[in-house]
file run-v7.cif (mmCIF, C-alpha atoms)
data_final
#
loop_
_atom_site.label_atom_id
_atom_site.label_comp_id
_atom_site.auth_asym_id
_atom_site.auth_seq_id
_atom_site.Cartn_x
_atom_site.Cartn_y
_atom_site.Cartn_z
CA MET A 1 -87.41 17.22 -66.57
CA SER A 2 -84.45 17.12 -68.93
CA VAL A 3 -82.56 19.69 -66.84
CA GLU A 4 -83.03 17.71 -63.63
CA LYS A 5 -81.92 14.54 -65.38
CA GLU A 6 -78.74 16.24 -66.60
CA ARG A 7 -77.96 17.43 -63.08
CA THR A 8 -78.47 13.93 -61.68
CA ASP A 9 -76.23 12.40 -64.35
CA ARG A 10 -73.56 15.03 -63.69
CA LYS A 11 -73.57 14.34 -59.95
CA LYS A 12 -73.35 10.64 -60.60
CA ASP A 13 -70.34 11.14 -62.90
CA ASP A 14 -68.57 13.33 -60.30
CA LYS A 15 -69.08 10.69 -57.62
CA GLU A 16 -67.70 7.95 -59.82
CA GLN A 17 -64.68 10.12 -60.66
CA ARG A 18 -63.96 10.76 -56.95
CA ASP A 19 -64.29 7.06 -56.14
CA GLY A 20 -61.86 6.24 -58.93
CA GLU A 21 -59.31 8.75 -57.62
CA GLU A 22 -59.55 7.32 -54.07
CA ASN A 23 -59.10 3.79 -55.38
CA SER A 24 -56.07 4.86 -57.41
CA LYS A 25 -54.47 6.40 -54.28
CA ASN A 26 -55.05 3.29 -52.15
CA VAL A 27 -53.55 0.79 -54.54
CA VAL A 28 -52.95 -2.54 -52.82
CA ILE A 29 -49.55 -4.06 -53.58
CA ALA A 30 -49.44 -7.80 -53.17
CA ALA A 31 -45.80 -7.77 -52.04
CA ARG A 32 -46.72 -5.59 -49.06
CA GLU A 33 -49.29 -8.00 -47.79
CA ARG A 34 -47.42 -9.99 -45.16
CA GLY A 35 -48.93 -13.25 -44.04
CA PRO A 36 -48.63 -14.62 -40.50
CA GLY A 37 -45.37 -16.32 -39.53
CA PRO A 38 -44.93 -19.90 -38.38
CA GLY A 39 -45.37 -18.86 -34.76
CA ARG A 40 -48.93 -17.69 -35.41
CA TYR A 41 -50.15 -21.20 -36.09
CA GLY A 42 -50.93 -23.35 -33.02
CA LEU A 43 -51.03 -27.10 -33.42
CA PRO A 44 -53.30 -29.11 -31.15
CA ALA A 45 -51.71 -30.52 -28.02
CA THR A 46 -50.68 -34.17 -27.77
CA VAL A 47 -50.75 -34.19 -23.95
CA GLY A 48 -53.90 -34.48 -21.89
CA PHE A 49 -57.49 -35.14 -22.74
CA THR A 50 -58.83 -31.69 -23.61
CA ASP A 51 -58.24 -30.50 -27.22
CA HIS A 52 -56.07 -33.50 -28.04
CA ASP A 53 -54.78 -33.89 -31.59
CA PHE A 54 -57.23 -36.23 -33.29
CA SER A 55 -54.56 -37.42 -35.71
CA LYS A 56 -52.43 -38.80 -32.87
CA HIS A 57 -53.02 -41.80 -30.67
CA MET A 58 -54.16 -40.77 -27.20
CA LYS A 59 -52.91 -42.69 -24.20
CA PRO A 60 -55.14 -43.36 -21.19
CA ALA A 61 -55.27 -40.42 -18.75
CA TYR A 62 -55.83 -40.70 -15.02
CA SER A 63 -56.87 -38.01 -12.57
CA PHE A 64 -56.64 -37.58 -8.80
CA GLY A 65 -59.95 -37.53 -7.00
CA ARG A 66 -60.89 -35.01 -4.38
CA ARG A 67 -60.89 -35.57 -0.63
CA LEU A 68 -64.19 -36.95 0.62
CA SER A 69 -65.99 -34.29 2.63
CA ASP A 70 -68.61 -35.97 4.82
CA SER A 71 -68.39 -39.71 4.74
CA MET A 72 -67.58 -42.60 6.99
CA TYR A 73 -64.14 -43.05 5.45
CA LYS A 74 -62.92 -39.64 6.63
CA LYS A 75 -63.34 -40.33 10.34
CA GLU A 76 -60.34 -42.43 11.24
CA VAL A 77 -59.68 -43.74 14.72
CA SER A 78 -55.99 -44.68 14.35
CA PRO A 79 -53.38 -42.03 15.30
CA GLY A 80 -51.53 -40.18 12.61
CA PRO A 81 -47.75 -40.00 11.99
CA ALA A 82 -47.41 -37.14 14.48
CA HIS A 83 -48.47 -39.42 17.34
CA PHE A 84 -45.02 -40.72 18.32
CA ILE A 85 -44.72 -43.31 21.07
CA ASN A 86 -41.46 -43.35 22.99
CA PRO A 87 -39.90 -46.81 22.62
CA LYS A 88 -38.64 -46.72 26.24
CA TYR A 89 -42.15 -47.25 27.50
CA THR A 90 -43.79 -50.63 27.09
CA LYS A 91 -46.98 -52.15 28.41
CA TYR A 92 -45.02 -53.27 31.47
CA GLY A 93 -43.59 -49.80 32.23
CA LYS A 94 -40.36 -47.97 31.51
CA ASP A 95 -37.41 -49.86 30.10
CA GLY A 96 -34.87 -50.71 32.84
CA THR A 97 -31.75 -50.65 30.66
CA PRO A 98 -29.05 -48.48 32.30
CA ALA A 99 -28.42 -45.15 30.52
CA TYR A 100 -25.33 -43.00 30.89
CA SER A 101 -24.80 -39.31 30.19
CA MET A 102 -21.73 -37.03 30.11
CA LEU A 103 -21.77 -34.13 32.55
CA ALA A 104 -19.46 -31.18 33.03
CA ARG A 105 -16.44 -31.31 35.37
CA GLN A 106 -17.53 -31.01 38.97
CA ARG A 107 -16.14 -28.36 41.26
CA ASP A 108 -13.38 -29.16 43.71
CA PRO A 109 -15.03 -29.95 47.08
CA ASN A 110 -11.92 -28.73 48.90
CA SER A 111 -12.53 -24.99 49.49
CA PHE A 112 -9.09 -24.34 51.06
CA LYS A 113 -6.63 -23.39 48.30
CA PRO A 114 -3.19 -22.46 49.65
CA PRO A 115 -0.94 -20.38 47.36
CA GLY A 116 1.64 -22.18 45.24
CA PRO A 117 5.42 -21.60 45.23
CA GLY A 118 5.21 -19.17 42.33
CA THR A 119 3.01 -16.81 44.33
CA TYR A 120 5.82 -15.70 46.62
CA SER A 121 8.46 -13.11 45.63
CA PRO A 122 11.29 -13.31 48.20
CA GLU A 123 13.56 -11.09 46.10
CA LYS A 124 11.33 -8.12 46.91
CA VAL A 125 11.77 -8.51 50.71
CA HIS A 126 14.61 -6.45 52.29
CA PRO A 127 17.02 -8.53 54.38
CA GLN A 128 16.25 -8.33 58.06
CA GLY A 129 18.71 -6.50 60.28
CA GLU A 130 20.08 -4.23 57.50
CA ARG A 131 19.48 -0.50 57.25
CA HIS A 132 17.65 0.87 54.25
CA ALA A 133 16.23 4.18 53.17
CA PRO A 134 12.72 5.13 54.22
CA VAL A 135 9.99 4.14 51.83
CA TYR A 136 6.92 6.25 51.24
CA THR A 137 3.75 5.52 49.38
CA LEU A 138 1.25 7.82 47.74
CA ARG A 139 -2.39 7.27 48.40
CA ALA A 140 -5.58 9.17 47.93
CA ARG A 141 -6.59 12.04 50.19
CA THR A 142 -8.50 10.93 53.24
CA ARG A 143 -11.98 12.08 53.92
CA PHE A 144 -10.81 14.13 56.89
CA ARG A 145 -8.37 16.13 54.77
CA LYS A 146 -11.07 16.88 52.24
CA ARG A 147 -13.08 18.68 54.90
CA ASP A 148 -10.10 20.57 56.31
CA LYS A 149 -10.58 24.33 55.72
CA ASN A 150 -7.00 25.38 56.49
CA PRO A 151 -5.26 27.25 53.66
CA ALA A 152 -2.70 25.44 51.58
CA PRO A 153 1.00 26.50 51.43
CA ASN A 154 0.55 28.16 48.06
CA ASN A 155 -1.96 30.61 49.54
CA TYR A 156 0.79 32.41 51.46
CA SER A 157 2.99 34.98 49.66
CA LEU A 158 6.32 36.38 50.88
CA PRO A 159 7.12 40.08 50.45
CA GLN A 160 9.09 41.11 47.38
CA LEU A 161 12.84 41.73 47.68
CA ILE A 162 13.03 44.15 44.72
CA GLY A 163 12.02 47.76 45.06
CA PRO A 164 12.06 50.47 47.74
CA LYS A 165 8.90 49.43 49.52
CA GLN A 166 10.43 46.92 51.93
CA PRO A 167 9.74 47.61 55.62
CA ASN A 168 12.31 45.25 57.12
CA LYS A 169 14.92 44.90 54.33
CA LEU A 170 17.68 47.20 53.15
CA SER A 171 16.97 48.25 49.57
CA LEU A 172 19.56 49.51 47.09
CA PRO A 173 18.96 52.63 45.00
CA SER A 174 16.57 52.04 42.12
CA TYR A 175 16.21 54.04 38.93
CA SER A 176 13.40 54.38 36.46
CA LEU A 177 13.23 55.38 32.81
CA THR A 178 10.87 58.17 31.85
CA ALA A 179 9.66 59.38 28.48
CA ARG A 180 11.52 62.03 26.45
CA ARG A 181 10.50 65.55 27.21
CA GLN A 182 9.10 67.67 24.44
CA ASN A 183 10.65 70.99 25.49
CA GLY A 184 14.04 71.72 27.02
CA HIS A 185 15.76 68.59 25.75
CA PHE A 186 19.37 68.72 24.53
CA SER A 187 18.37 67.45 21.12
CA ASP A 188 15.45 69.78 20.82
CA ASP A 189 15.60 71.73 17.50
CA LEU A 190 14.82 75.24 18.50
CA ALA A 191 15.37 76.69 14.99
CA LYS A 192 13.08 74.15 13.33
CA THR A 193 15.38 73.82 10.29
CA PRO A 194 14.87 70.96 7.79
CA GLY A 195 17.43 68.15 7.56
CA PRO A 196 19.30 66.86 4.52
CA GLY A 197 16.69 64.20 3.89
CA ARG A 198 14.02 66.80 3.32
CA TYR A 199 15.59 67.95 0.02
CA ASN A 200 14.94 66.14 -3.27
CA ALA A 201 17.88 65.27 -5.56
CA ILE A 202 18.01 67.07 -8.94
CA ASN A 203 17.55 64.96 -12.05
CA PRO A 204 20.95 64.73 -13.85
CA ASN A 205 19.26 65.13 -17.27
CA ILE A 206 18.36 68.68 -16.32
CA VAL A 207 21.88 70.01 -15.70
CA ARG A 208 23.80 67.58 -17.94
CA THR A 209 23.56 66.09 -21.40
CA GLN A 210 20.55 63.83 -21.55
CA ALA A 211 21.30 60.17 -22.12
CA ALA A 212 19.74 58.08 -24.85
CA VAL A 213 16.19 56.87 -24.19
CA TYR A 214 14.82 53.60 -25.57
CA SER A 215 11.30 52.21 -25.69
CA LEU A 216 9.86 48.71 -26.24
CA LYS A 217 7.38 48.15 -29.07
CA ASP A 218 5.48 45.18 -30.43
CA ARG A 219 7.22 42.64 -32.66
CA SER A 220 6.93 43.53 -36.34
CA TYR A 221 6.61 40.90 -39.05
CA MET A 222 7.48 41.04 -42.72
CA PRO A 223 4.46 40.98 -45.07
CA GLY A 224 3.94 37.64 -46.74
CA ASP A 225 1.58 34.75 -47.36
CA THR A 226 -0.11 33.58 -44.15
CA THR A 227 -1.74 30.42 -45.53
CA GLN A 228 -0.65 27.09 -44.07
CA LYS A 229 1.54 24.93 -46.26
CA PRO A 230 1.93 21.17 -45.85
CA GLY A 231 5.26 20.00 -44.50
CA PRO A 232 7.41 17.12 -45.74
CA GLY A 233 5.66 14.68 -43.40
CA ALA A 234 2.23 15.43 -44.85
CA HIS A 235 3.05 13.72 -48.16
CA ARG A 236 2.84 9.92 -48.45
CA PRO A 237 4.15 8.79 -51.80
CA GLU A 238 3.96 5.12 -50.83
CA ARG A 239 0.15 5.26 -51.07
CA VAL A 240 0.14 6.37 -54.69
CA ILE A 241 -0.80 3.28 -56.74
CA VAL A 242 -2.13 4.90 -59.91
CA HIS A 243 0.86 3.78 -61.93
CA LYS A 244 0.88 0.30 -60.37
CA PRO A 245 -1.26 -2.76 -61.19
CA ALA A 246 -4.05 -3.29 -58.62
CA ALA A 247 -6.61 -6.02 -57.96
CA ALA A 248 -10.26 -5.60 -58.81
CA LYS A 249 -12.41 -3.73 -56.26
CA VAL A 250 -16.04 -4.46 -55.58
CA SER A 251 -18.47 -2.01 -54.00
CA LEU A 252 -21.97 -2.42 -52.61
CA GLY A 253 -24.72 -0.71 -54.57
CA ILE A 254 -27.95 0.78 -53.37
CA ARG A 255 -30.88 -1.30 -52.13
CA HIS A 256 -33.44 -1.81 -54.87
CA SER A 257 -37.13 -1.77 -54.21
CA GLU A 258 -38.77 -5.14 -53.85
CA PHE A 259 -41.87 -3.88 -55.64
CA VAL A 260 -40.13 -3.12 -58.96
CA CYS A 261 -41.22 -5.53 -61.62
CA PRO A 262 -38.32 -6.76 -63.80
CA LEU A 263 -38.44 -6.03 -67.50
CA ILE A 264 -39.25 -9.23 -69.36
CA VAL A 265 -38.73 -9.02 -73.08
CA GLN A 266 -39.94 -11.82 -75.25
CA VAL A 267 -37.10 -12.99 -77.46
CA THR A 268 -38.01 -14.52 -80.77
CA ASP A 269 -35.66 -16.68 -82.73
#
call {"tool": "encode", "arguments": {"input": "run-v7.cif", "output": "structure tokens"}}
result
Amino acid sequence: MSVEKERTDRKKDDKEQRDGEENSKNVVIAARERGPGPGRYGLPATVGFTDHDFSKHMKPAYSFGRRLSDSMYKKEVSPGPAHFINPKYTKYGKDGTPAYSMLARQRDPNSFKPPGPGTYSPEKVHPQGERHAPVYTLRARTRFRKRDKNPAPNNYSLPQLIGPKQPNKLSLPSYSLTARRQNGHFSDDLAKTPGPGRYNAINPNIVRTQAAVYSLKDRSYMPGDTTQKPGPGAHRPERVIVHKPAAAKVSLGIRHSEFVCPLIVQVTD
């Protein structure tokens, strides 16, 4: 019994230790607990009847009733606004006041329209009794000429006047140029000897003193320091203010935690 009791007490102690560790990890900081903002609170309305603010005076409220469905007041005998009565008609008939309207211009009843003076062009008429050159006009081909099967003038061809084949014309002597013959020609090289252009010229350096020969090489540089040095324009002596009096400068520090408790020391006199 004592052994079982020790085991139970040990388990109970382990559970309490684990609960204490969990509570220490989930420490609640009061500064982190954010309450609701002003917009989360809703005040009661001061308009209307439902949920009215009881601390405010409520005015009388009126409502519009619904249309009566089946009652004697719905069936009206009088005409509505859409029933328009023309004021020209009375109980005695149509009003006899004369009415006028504006119509379009009517057509000219006279159908005969002689030409005006500007229609004539007497300057285009040749004087009578005087001679003038014949005048011709061009018009489209008539239907009869379209069906005419006779050949046109350009279908006929006259015999040529150049060459010996003219049956009824005297032809002068004609000559022709033929190709050069391969054998028996006056310029035919029977010996088959090579010409001067077949020989290659001898290099002068072979039979004479050889001239100087030069070659092109890469640019050579003197060994030295290859690091980049600042030029005169890189220095700005006007910005050096170490030896000059300067105003105080203020900088912004780091953001401190809002959960750090300030150190309060009790001072005794």
call {"tool": "atom_distance", "arguments": {"input": "run-v7.cif", "atom1": "CA of Gly48 in chain A", "atom2": "CA of Phe64 in chain A"}}
result
13.7 Å
call {"tool": "atom_distance", "arguments": {"input": "run-v7.cif", "atom1": "CA of Asn200 in chain A", "atom2": "CA of Asn183 in chain A"}}
result
29.5 Å
call {"tool": "axis_aligned_box", "arguments": {"input": "run-v7.cif", "around": "range 95-106 of chain A", "padding_each_side": "8 Å", "output": "lines of an AutoDock Vina configuration file"}}
result
center_x = -26.9
center_y = -40.9
center_z = 34.5
size_x = 37.0
size_y = 35.7
size_z = 24.9
call {"tool": "resolve_selection", "arguments": {"input": "run-v7.cif", "expression": "the PyMOL selection byres ((chain A and resi 61) around 8)", "output": "list in words"}}
result
Gly48, Phe49, Lys59, Pro60, Tyr62 and Ser63 of chain A
call {"tool": "residues_near_point", "arguments": {"input": "run-v7.cif", "point": "(12.5, 54.5, 41.0)", "cutoff": "8 Å", "atoms": "all atoms listed in the file", "output": "list in words"}}
result
Gly163, Pro164, Pro173, Ser174, Tyr175 and Ser176 of chain A
